[in-house]
Each structure stands twice: as structure tokens, then as C-alpha cells.
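Below: data.csv (CSV, C-alpha atoms)
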chain,number,residue,atom,x,y,z
R,171,GLU,CA,2.1,-22.9,18.6
R,172,ALA,CA,2.5,-22.8,14.8
R,173,GLU,CA,4.4,-19.7,13.5
R,174,VAL,CA,5.4,-18.2,10.2
R,175,ALA,CA,9.2,-18.5,9.9
R,176,GLN,CA,11.3,-15.9,8.1
R,177,SER,CA,15.0,-15.6,7.6
R,178,PRO,CA,17.2,-13.7,7.8
R,179,ARG,CA,15.9,-11.4,10.6
R,180,TYR,CA,18.2,-8.6,9.5
R,181,LYS,CA,20.0,-8.0,6.3
R,182,ILE,CA,22.4,-5.2,5.3
R,183,THR,CA,23.3,-5.0,1.6
R,184,GLU,CA,25.0,-2.6,-0.7
R,185,LYS,CA,23.1,-0.7,-3.4
R,186,SER,CA,22.9,-2.7,-6.7
R,187,GLN,CA,23.5,-6.1,-4.9
R,188,ALA,CA,21.0,-8.9,-4.9
R,189,VAL,CA,19.2,-9.9,-1.8
R,190,ALA,CA,16.8,-12.8,-1.0
R,191,PHE,CA,14.3,-13.5,1.8
R,192,TRP,CA,12.8,-16.8,2.8
R,193,CYS,CA,9.4,-17.6,4.3
R,194,ASP,CA,8.0,-20.8,5.7
R,195,PRO,CA,4.2,-20.4,6.3
R,196,ILE,CA,2.1,-22.2,8.9
R,197,SER,CA,1.6,-25.8,7.8
R,198,GLY,CA,-1.5,-26.3,5.7
R,199,HIS,CA,-1.9,-22.6,4.9
R,200,ALA,CA,-2.5,-22.3,1.2
R,201,THR,CA,-2.4,-18.5,1.0
R,202,LEU,CA,1.0,-16.7,1.4
R,203,TYR,CA,1.6,-13.0,1.3
R,204,TRP,CA,4.6,-10.8,1.1
R,205,TYR,CA,4.2,-7.3,2.5
R,206,ARG,CA,6.6,-4.4,2.7
R,207,GLN,CA,6.4,-2.1,5.7
R,208,ILE,CA,8.2,1.3,5.6
R,209,LEU,CA,9.0,2.7,9.0
R,210,GLY,CA,6.0,4.5,10.4
R,211,GLN,CA,3.5,3.1,7.9
R,212,GLY,CA,1.2,0.1,7.6
R,213,PRO,CA,2.2,-3.0,5.6
R,214,GLU,CA,1.5,-2.9,1.9
R,215,LEU,CA,1.0,-6.0,-0.2
R,216,LEU,CA,3.7,-6.9,-2.7
R,217,VAL,CA,2.5,-10.4,-3.8
R,218,GLN,CA,-0.1,-13.0,-2.8
R,219,PHE,CA,0.1,-16.7,-3.6
R,220,GLN,CA,-2.6,-19.3,-3.5
R,221,ASP,CA,-0.7,-22.6,-3.3
R,222,GLU,CA,2.0,-22.1,-6.0
R,223,SER,CA,0.1,-19.6,-8.1
R,224,VAL,CA,0.4,-15.9,-8.0
R,225,VAL,CA,-3.1,-14.3,-7.5
R,226,ASP,CA,-2.0,-10.7,-7.0
R,227,ASP,CA,1.3,-9.1,-7.8
R,228,SER,CA,-0.1,-5.8,-9.0
R,229,GLN,CA,2.1,-3.8,-6.5
R,230,LEU,CA,5.3,-5.8,-7.1
R,231,PRO,CA,8.0,-3.8,-8.8
R,232,LYS,CA,8.6,-6.5,-11.4
R,233,ASP,CA,11.7,-4.8,-12.9
R,234,ARG,CA,13.7,-5.7,-9.7
R,235,PHE,CA,11.5,-7.8,-7.5
R,236,SER,CA,10.6,-11.5,-8.0
R,237,ALA,CA,8.8,-14.0,-5.9
R,238,GLU,CA,8.3,-17.7,-6.1
R,239,ARG,CA,6.6,-20.5,-4.2
R,240,LEU,CA,7.5,-23.5,-6.3
R,241,LYS,CA,6.0,-26.3,-4.4
R,242,GLY,CA,3.2,-24.3,-2.8
R,243,VAL,CA,4.9,-24.4,0.6
R,244,ASP,CA,7.8,-22.1,1.4
R,245,SER,CA,8.5,-18.9,-0.6
R,246,THR,CA,11.4,-16.7,-1.6
R,247,LEU,CA,11.3,-13.0,-2.4
R,248,LYS,CA,14.3,-11.6,-4.3
R,249,ILE,CA,15.4,-8.0,-5.1
R,250,GLN,CA,18.0,-7.4,-7.8
R,251,PRO,CA,19.4,-4.9,-7.9
R,252,ALA,CA,18.7,-3.4,-4.4
R,253,GLU,CA,18.1,0.4,-4.2
R,254,LEU,CA,18.3,2.7,-1.2
R,255,GLY,CA,14.5,3.1,-1.3
R,256,ASP,CA,14.1,-0.6,-0.7
R,257,SER,CA,15.1,-0.3,2.9
R,258,ALA,CA,12.1,-1.5,4.9
R,259,MET,CA,10.7,-4.4,6.9
R,260,TYR,CA,9.7,-7.3,4.6
R,261,LEU,CA,6.9,-9.3,6.2
R,262,CYS,CA,5.5,-12.7,5.2
R,263,ALA,CA,2.1,-13.8,6.3
R,264,SER,CA,0.0,-16.9,5.7
R,265,SER,CA,-3.7,-17.7,5.9
R,266,LEU,CA,-5.9,-20.8,5.9
R,267,ILE,CA,-9.2,-19.0,5.1
R,268,THR,CA,-9.6,-15.5,6.6
R,269,GLU,CA,-7.1,-14.8,9.5
R,270,ALA,CA,-3.7,-13.8,8.3
R,271,PHE,CA,-0.7,-14.5,10.6
R,272,PHE,CA,2.6,-12.7,10.2
R,273,GLY,CA,6.2,-13.7,10.7
R,274,GLN,CA,8.8,-11.6,12.5
R,275,GLY,CA,9.9,-10.0,9.3
R,276,THR,CA,13.2,-9.3,7.7
R,277,ARG,CA,14.7,-5.8,8.3
R,278,LEU,CA,16.5,-4.8,5.1
R,279,THR,CA,18.9,-1.9,5.1
R,280,VAL,CA,20.4,-0.9,1.8
R,281,VAL,CA,23.6,1.2,2.0
T,190,GLN,CA,-5.6,5.7,-2.5
T,191,GLN,CA,-5.8,4.7,1.1
T,192,GLN,CA,-8.4,2.0,1.4
T,193,VAL,CA,-8.6,2.2,5.2
T,194,LYS,CA,-8.2,5.5,7.0
T,195,GLN,CA,-7.0,5.4,10.6
T,196,SER,CA,-6.8,8.0,13.3
T,197,PRO,CA,-5.2,9.3,15.4
T,198,GLN,CA,-1.6,8.8,14.2
T,199,SER,CA,-0.4,8.8,17.9
T,200,LEU,CA,-2.2,8.5,21.2
T,201,ILE,CA,-1.0,9.0,24.8
T,202,VAL,CA,-3.1,7.6,27.6
T,203,GLN,CA,-2.6,7.3,31.3
T,204,LYS,CA,-2.5,3.9,32.9
T,205,GLY,CA,-6.0,2.7,33.6
T,206,GLY,CA,-7.6,5.0,31.0
T,207,ILE,CA,-9.4,4.1,27.8
T,208,SER,CA,-7.6,4.1,24.4
T,209,ILE,CA,-9.8,4.6,21.4
T,210,ILE,CA,-8.6,4.2,17.8
T,211,ASN,CA,-10.8,4.9,14.8
T,212,CYS,CA,-10.9,3.6,11.2
T,213,ALA,CA,-13.0,4.3,8.2
T,214,TYR,CA,-13.4,2.6,4.8
T,215,GLU,CA,-15.3,3.1,1.6
T,216,ASN,CA,-15.3,-0.3,-0.1
T,217,THR,CA,-18.5,-2.1,0.8
T,218,ALA,CA,-17.1,-5.4,-0.4
T,219,PHE,CA,-15.0,-5.6,2.8
T,220,ASP,CA,-16.5,-8.1,5.2
T,221,TYR,CA,-13.7,-8.8,7.6
T,222,PHE,CA,-12.0,-6.2,9.8
T,223,PRO,CA,-9.1,-7.3,12.0
T,224,TRP,CA,-6.9,-5.2,14.3
T,225,TYR,CA,-3.2,-6.0,14.6
T,226,GLN,CA,-0.7,-5.0,17.4
T,227,GLN,CA,2.9,-4.5,16.5
T,228,PHE,CA,5.8,-4.1,18.9
T,229,PRO,CA,9.1,-2.5,17.6
T,230,GLY,CA,11.1,-4.9,15.5
T,231,LYS,CA,8.3,-7.5,15.4
T,232,GLY,CA,5.7,-8.6,12.9
T,233,PRO,CA,2.1,-7.6,13.4
T,234,ALA,CA,0.1,-9.9,15.7
T,235,LEU,CA,-3.6,-10.5,15.2
T,236,LEU,CA,-5.4,-9.0,18.2
T,237,ILE,CA,-9.1,-9.1,17.5
T,238,ALA,CA,-11.4,-9.2,14.4
T,239,ILE,CA,-15.0,-8.6,13.5
T,240,ARG,CA,-17.4,-9.2,10.7
T,241,PRO,CA,-20.1,-6.6,9.8
T,242,ASP,CA,-23.0,-8.7,10.9
T,243,VAL,CA,-22.3,-7.8,14.5
T,244,SER,CA,-22.0,-4.3,16.0
T,245,GLU,CA,-19.6,-5.1,18.8
T,246,LYS,CA,-17.0,-7.8,19.8
T,247,LYS,CA,-15.2,-8.0,23.1
T,248,GLU,CA,-12.2,-10.0,24.1
T,249,GLY,CA,-10.9,-9.2,27.5
T,250,ARG,CA,-9.9,-5.5,27.6
T,251,PHE,CA,-10.2,-5.1,23.9
T,252,THR,CA,-13.5,-4.2,22.1
T,253,ILE,CA,-14.3,-3.6,18.5
T,254,SER,CA,-17.3,-1.4,17.7
T,255,PHE,CA,-18.6,-1.5,14.2
T,256,ASN,CA,-20.9,0.9,12.5
T,257,LYS,CA,-21.9,-0.6,9.1
T,258,SER,CA,-24.0,2.4,7.9
T,259,ALA,CA,-21.2,4.8,8.6
T,260,LYS,CA,-18.5,2.5,7.3
T,261,GLN,CA,-16.5,3.0,10.5
T,262,PHE,CA,-15.0,0.8,13.2
T,263,SER,CA,-13.0,1.4,16.2
T,264,LEU,CA,-10.8,-0.3,18.8
T,265,HIS,CA,-11.3,0.4,22.5
T,266,ILE,CA,-8.7,-0.7,25.0
T,267,MET,CA,-10.1,-0.6,28.5
T,268,ASP,CA,-7.9,-0.2,31.6
T,269,SER,CA,-4.9,0.6,29.4
T,270,GLN,CA,-1.6,-0.8,30.6
T,271,PRO,CA,2.0,0.2,29.9
T,272,GLY,CA,2.4,-3.2,28.2
T,273,ASP,CA,-0.2,-2.1,25.7
T,274,SER,CA,2.2,0.5,24.3
T,275,ALA,CA,2.6,-0.5,20.7
T,276,THR,CA,1.5,0.4,17.2
T,277,TYR,CA,-2.0,-0.7,16.3
T,278,PHE,CA,-3.2,-1.2,12.8
T,279,CYS,CA,-6.7,-1.7,11.6
T,280,ALA,CA,-7.3,-3.6,8.4
T,281,ALA,CA,-10.0,-4.7,6.0
T,282,LYS,CA,-10.4,-7.7,3.7
T,283,THR,CA,-12.9,-9.5,1.6
T,284,GLY,CA,-12.8,-12.2,4.3
T,285,GLY,CA,-15.2,-14.7,2.7
T,286,SER,CA,-12.7,-15.4,0.0
T,287,THR,CA,-9.2,-16.9,0.5
T,288,LEU,CA,-8.2,-14.7,-2.4
T,289,GLY,CA,-9.1,-11.5,-0.6
T,290,ARG,CA,-6.5,-8.9,-0.1
T,291,LEU,CA,-5.8,-7.3,3.3
T,292,TYR,CA,-5.6,-3.5,3.3
T,293,PHE,CA,-4.0,-1.8,6.3
T,294,GLY,CA,-4.4,1.6,7.9
T,295,ARG,CA,-1.3,3.7,8.5
T,296,GLY,CA,-1.2,2.8,12.2
T,297,THR,CA,-1.6,4.4,15.6
T,298,GLN,CA,1.3,4.6,18.0
T,299,LEU,CA,-0.1,4.1,21.5
T,300,THR,CA,1.9,5.1,24.6
T,301,VAL,CA,0.5,4.3,28.0
T,302,TRP,CA,2.1,6.2,30.8
T,303,PRO,CA,2.4,4.5,34.2
Written as C-alpha cells, that's how I'd like the structure from this file.
Amino acid sequence: EAEVAQSPRYKITEKSQAVAFWCDPISGHATLYWYRQILGQGPELLVQFQDESVVDDSQLPKDRFSAERLKGVDSTLKIQPAELGDSAMYLCASSLITEAFFGQGTRLTVV
Amino acid sequence: QQQVKQSPQSLIVQKGGISIINCAYENTAFDYFPWYQQFPGKGPALLIAIRPDVSEKKEGRFTISFNKSAKQFSLHIMDSQPGDSATYFCAAKTGGSTLGRLYFGRGTQLTVWP
């Protein structure tokens, strides 16, 4: 069964350091999403790609967060510098048309 | 502003009982309403979804009821089992468009006691 792959599963980083997450969507899915989920809350969209183009990054803190999907396949989300408040689960999802399928997420802890 | 409002925040049900989770929305542009199930440490998994042209959709023990005029929809879990214990999220999207954004409710933590 096709899955959205994310790595790493867990990441502990010190405040002010850089951190990066990787996502490989389901093959053929043109739409890719990065969500942030704070413990006890629902996922919130950070950025949405259609192929290699950003279609929605209105909620992305652009002073420290960046995302790219250079060849329209896999994607990287970067945080630099990390802050204590960035501790959360970072989820990647992909979609062909309507249904969005999520990966296992990366649990980030900033210390 | 919360686009999708979900209640209750937590729910405790006895094994064999019915679990009911409710959601409400305001944006009439939404036309796709999925429910996701999430276990601790895992990503959300798509459980069941409905479009507003039908009032009910059933898949096994899971049923979505949809009230378009009231802008409300709910998830019913029949014969609830301990394995159903998880966090459930309702969501809404402009499903007809690949560019639609998925908005989530805050989640309901379901505990089913044996």
C-alpha cells in the first residue's frame, strides 16, 4: 500500500539551531501539504504545494521557516533558527484530487 | 478563527456503546468533509468522508450524518470497541479543487472502556 514517507521520525534540537524535515509523497500525487500539530490540537496548514509551486503559505512563519519541492516530488521543510515554541509534530500529506493522506510525522522537540 | 468547530473535546464510552462526535462549520464553500483517526505518535488516518449532496454515509461501524441546512455533521461509531480509543478529527475542504485547503477541528479524544 502506498504511503507518505517522512524522516526523521523524531528530532531533538537545541534552540537557535537549524533543523530540516523530509517528505516523499505518494507517487503521482501533485499536491503536497506540510502541517504542524501542537499536542492536543488539530493539524494546521503551514504550506501547500501543487507540483513544485507554492499555492498557500499564508500561515508559514517566513522569517524562520522555509519549504521547497524543487522537482515536484519530495519536499523539505526547514526551520532556522529553531525556537522552543516550535516543538510540535510536523506532518506531511499528499493528495491526488480530494483525499489527503498523511505520513507518520516528525516529532520535534526544541530544548 | 476556527473554521470547523468540534465537540466534545473528550468522550468516554463503554464497550458496545455508541460514540457521537459533532462538528459545525460556517463556510458554505466547503464541499468535502472527512473524518480522521489518530493514534498517539502516529499521523492522522482517513476514516470516512462525505460530500454535502448526501445526508448519510456508512462504512462498517462508522457513519457520517450530514445536515447541510444546519451546517453540521457528525460521526457515529456503533458498537464502540477499546481499539477505537483514539483522537478523532473532523475536517472540511473545498474538495472539488485540488487547490482546496483542509481545515481541521480541534479533535475529540475517545476512550472506550472494556
> Pick from R:Thr268, R:Ile196, R:Val174, R:Ser186: nearest to R:Ile249, with all atoms listed in the file counted?
Replying inline: R:Ser186
>> Counting only C-alpha atoms, which residue out of R:Val281, R:Ala188, R:Cys193, R:Leu209 sits closest to R:Ala258?
In response: R:Leu209
> At what distance in Å, to one decimal, does atom CA of R:Gly275 lie from atom CA of R:Ser236?
Replying inline: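 Result for atom CA of R:Ser236 versus atom CA of R:Gly275: 17.4 Å, one decimal.
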>> Here is a test: counting all atoms listed in the file, which residue of R:Gln176, R:Gln207, R:Gln187, R:Thr276 is nearest to R:Arg234?
In response: R:Gln187
> What are the residues of chain R that have an atom within 9 Å of an atom of chain T, counting all atoms listed in the file, as a list of chain:residue names?
Replying inline: R:Ala200, R:Thr201, R:Gly210, R:Gln211, R:Gly212, R:Pro213, R:Glu214, R:Leu215, R:Gln218, R:Phe219, R:Gln220, R:Val225, R:Asp226, R:Met259, R:Leu261, R:Cys262, R:Ser265, R:Leu266, R:Ile267, R:Thr268, R:Glu269, R:Ala270, R:Phe271, R:Phe272, R:Gly273, R:Gln274, R:Gly275, R:Arg277
Take the residues that were just selected and, keeping C-alpha atoms, output them as an mmCIF file, in the coordinates of the input.
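Generated output (out_27.cif):
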data_model
loop_
_atom_site.group_PDB
_atom_site.id
_atom_site.type_symbol
_atom_site.label_atom_id
_atom_site.label_comp_id
_atom_site.auth_asym_id
_atom_site.auth_seq_id
_atom_site.Cartn_x
_atom_site.Cartn_y
_atom_site.Cartn_z
ATOM 1 C CA ALA R 200 -2.500 -22.300 1.200
ATOM 2 C CA THR R 201 -2.400 -18.500 1.000
ATOM 3 C CA GLY R 210 6.000 4.500 10.400
ATOM 4 C CA GLN R 211 3.500 3.100 7.900
ATOM 5 C CA GLY R 212 1.200 0.100 7.600
ATOM 6 C CA PRO R 213 2.200 -3.000 5.600
ATOM 7 C CA GLU R 214 1.500 -2.900 1.900
ATOM 8 C CA LEU R 215 1.000 -6.000 -0.200
ATOM 9 C CA GLN R 218 -0.100 -13.000 -2.800
ATOM 10 C CA PHE R 219 0.100 -16.700 -3.600
ATOM 11 C CA GLN R 220 -2.600 -19.300 -3.500
ATOM 12 C CA VAL R 225 -3.100 -14.300 -7.500
ATOM 13 C CA ASP R 226 -2.000 -10.700 -7.000
ATOM 14 C CA MET R 259 10.700 -4.400 6.900
ATOM 15 C CA LEU R 261 6.900 -9.300 6.200
ATOM 16 C CA CYS R 262 5.500 -12.700 5.200
ATOM 17 C CA SER R 265 -3.700 -17.700 5.900
ATOM 18 C CA LEU R 266 -5.900 -20.800 5.900
ATOM 19 C CA ILE R 267 -9.200 -19.000 5.100
ATOM 20 C CA THR R 268 -9.600 -15.500 6.600
ATOM 21 C CA GLU R 269 -7.100 -14.800 9.500
ATOM 22 C CA ALA R 270 -3.700 -13.800 8.300
ATOM 23 C CA PHE R 271 -0.700 -14.500 10.600
ATOM 24 C CA PHE R 272 2.600 -12.700 10.200
ATOM 25 C CA GLY R 273 6.200 -13.700 10.700
ATOM 26 C CA GLN R 274 8.800 -11.600 12.500
ATOM 27 C CA GLY R 275 9.900 -10.000 9.300
ATOM 28 C CA ARG R 277 14.700 -5.800 8.300
#
>> Measuring between all atoms listed in the file, which one of T:Ala218, T:Val243, T:Ile237, T:Ala281 shows the shortest distance to T:Val193?
In response: T:Ala281
>> Using all atoms listed in the file, which protein or nucleic acid residues come within 8 Å of T:Gly205? Drop anything in the same chain fewer than 2 positions from it, and give the result as a list in words.
In response: Gln203, Ile207, Met267, Asp268, Ser269 and Gln270 of chain T
>> Between atom CA of T:Pro229 and atom CA of T:Ser196, what is the distance in Å, rounded to a tenth?
In response: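 These two atoms are separated by 19.5 Å.
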> What does the distance from atom CA of R:Glu222 to atom CA of R:Phe191 come to in Å, to one decimal?
Replying inline: 16.9 Å
For stretch 231-242 of chain R, where the input has fewer atoms than it should, I would like all heavy atoms rebuilt and written as a short mmCIF file (atom, residue, chain, number, x, y, z; two decimals), in the coordinates of the input.
data_model
loop_
_atom_site.label_atom_id
_atom_site.label_comp_id
_atom_site.auth_asym_id
_atom_site.auth_seq_id
_atom_site.Cartn_x
_atom_site.Cartn_y
_atom_site.Cartn_z
N PRO R 231 7.15 -4.40 -7.80
CA PRO R 231 8.00 -3.80 -8.80
C PRO R 231 8.74 -4.83 -9.62
O PRO R 231 9.85 -5.22 -9.28
CB PRO R 231 8.94 -2.87 -8.02
CG PRO R 231 8.33 -2.79 -6.65
CD PRO R 231 7.61 -4.08 -6.45
N LYS R 232 8.16 -5.27 -10.69
CA LYS R 232 8.60 -6.50 -11.40
C LYS R 232 9.97 -6.28 -12.09
O LYS R 232 10.61 -7.27 -12.49
CB LYS R 232 7.58 -6.97 -12.35
CG LYS R 232 6.26 -7.36 -11.67
CD LYS R 232 5.27 -7.88 -12.67
CE LYS R 232 3.90 -8.11 -12.04
NZ LYS R 232 3.30 -6.86 -11.55
N ASP R 233 10.40 -5.03 -12.24
CA ASP R 233 11.70 -4.80 -12.90
C ASP R 233 12.84 -5.26 -11.97
O ASP R 233 13.94 -5.60 -12.44
CB ASP R 233 11.87 -3.36 -13.29
CG ASP R 233 11.73 -2.40 -12.12
OD1 ASP R 233 11.06 -2.77 -11.13
OD2 ASP R 233 12.27 -1.29 -12.19
N ARG R 234 12.58 -5.29 -10.66
CA ARG R 234 13.70 -5.70 -9.70
C ARG R 234 13.26 -6.71 -8.70
O ARG R 234 14.12 -7.32 -8.08
CB ARG R 234 14.16 -4.41 -9.01
CG ARG R 234 14.76 -3.36 -9.91
CD ARG R 234 15.33 -2.20 -9.11
NE ARG R 234 14.32 -1.55 -8.28
CZ ARG R 234 14.26 -1.65 -6.97
NH1 ARG R 234 15.15 -2.38 -6.32
NH2 ARG R 234 13.32 -1.01 -6.30
N PHE R 235 11.98 -6.90 -8.51
CA PHE R 235 11.50 -7.80 -7.50
C PHE R 235 10.96 -9.10 -8.19
O PHE R 235 10.32 -9.03 -9.24
CB PHE R 235 10.38 -7.24 -6.68
CG PHE R 235 10.80 -6.21 -5.67
CD1 PHE R 235 11.36 -5.00 -6.07
CD2 PHE R 235 10.62 -6.44 -4.31
CE1 PHE R 235 11.75 -4.05 -5.14
CE2 PHE R 235 10.99 -5.49 -3.37
CZ PHE R 235 11.55 -4.30 -3.79
N SER R 236 11.21 -10.24 -7.56
CA SER R 236 10.60 -11.50 -8.00
C SER R 236 10.26 -12.33 -6.80
O SER R 236 10.88 -12.23 -5.75
CB SER R 236 11.54 -12.25 -8.94
OG SER R 236 12.71 -12.66 -8.25
N ALA R 237 9.23 -13.16 -6.96
CA ALA R 237 8.80 -14.00 -5.90
C ALA R 237 8.41 -15.37 -6.43
O ALA R 237 7.86 -15.44 -7.54
CB ALA R 237 7.65 -13.40 -5.10
N GLU R 238 8.70 -16.40 -5.68
CA GLU R 238 8.30 -17.70 -6.10
C GLU R 238 7.88 -18.60 -4.93
O GLU R 238 8.33 -18.39 -3.81
CB GLU R 238 9.41 -18.42 -6.91
CG GLU R 238 10.70 -18.62 -6.15
CD GLU R 238 11.78 -19.25 -7.02
OE1 GLU R 238 11.64 -19.26 -8.26
OE2 GLU R 238 12.75 -19.76 -6.44
N ARG R 239 7.04 -19.55 -5.23
CA ARG R 239 6.60 -20.50 -4.20
C ARG R 239 6.39 -21.83 -5.00
O ARG R 239 5.29 -22.27 -5.26
CB ARG R 239 5.25 -20.05 -3.61
CG ARG R 239 4.87 -20.82 -2.36
CD ARG R 239 3.52 -20.38 -1.83
NE ARG R 239 3.20 -21.07 -0.59
CZ ARG R 239 1.98 -21.16 -0.08
NH1 ARG R 239 0.95 -20.59 -0.70
NH2 ARG R 239 1.77 -21.81 1.05
N LEU R 240 7.51 -22.41 -5.35
CA LEU R 240 7.50 -23.50 -6.30
C LEU R 240 6.69 -24.70 -5.98
O LEU R 240 5.99 -25.24 -6.82
CB LEU R 240 8.99 -23.91 -6.60
CG LEU R 240 9.86 -22.85 -7.29
CD1 LEU R 240 11.29 -23.32 -7.41
CD2 LEU R 240 9.28 -22.49 -8.65
N LYS R 241 6.73 -25.14 -4.74
CA LYS R 241 6.00 -26.30 -4.40
C LYS R 241 4.77 -26.01 -3.52
O LYS R 241 4.18 -26.90 -2.90
CB LYS R 241 6.93 -27.30 -3.61
CG LYS R 241 8.06 -27.83 -4.46
CD LYS R 241 8.92 -28.83 -3.71
CE LYS R 241 10.05 -29.35 -4.60
NZ LYS R 241 10.92 -30.32 -3.88
N GLY R 242 4.42 -24.73 -3.52
CA GLY R 242 3.20 -24.30 -2.80
C GLY R 242 3.41 -24.35 -1.28
O GLY R 242 2.43 -24.34 -0.54
#
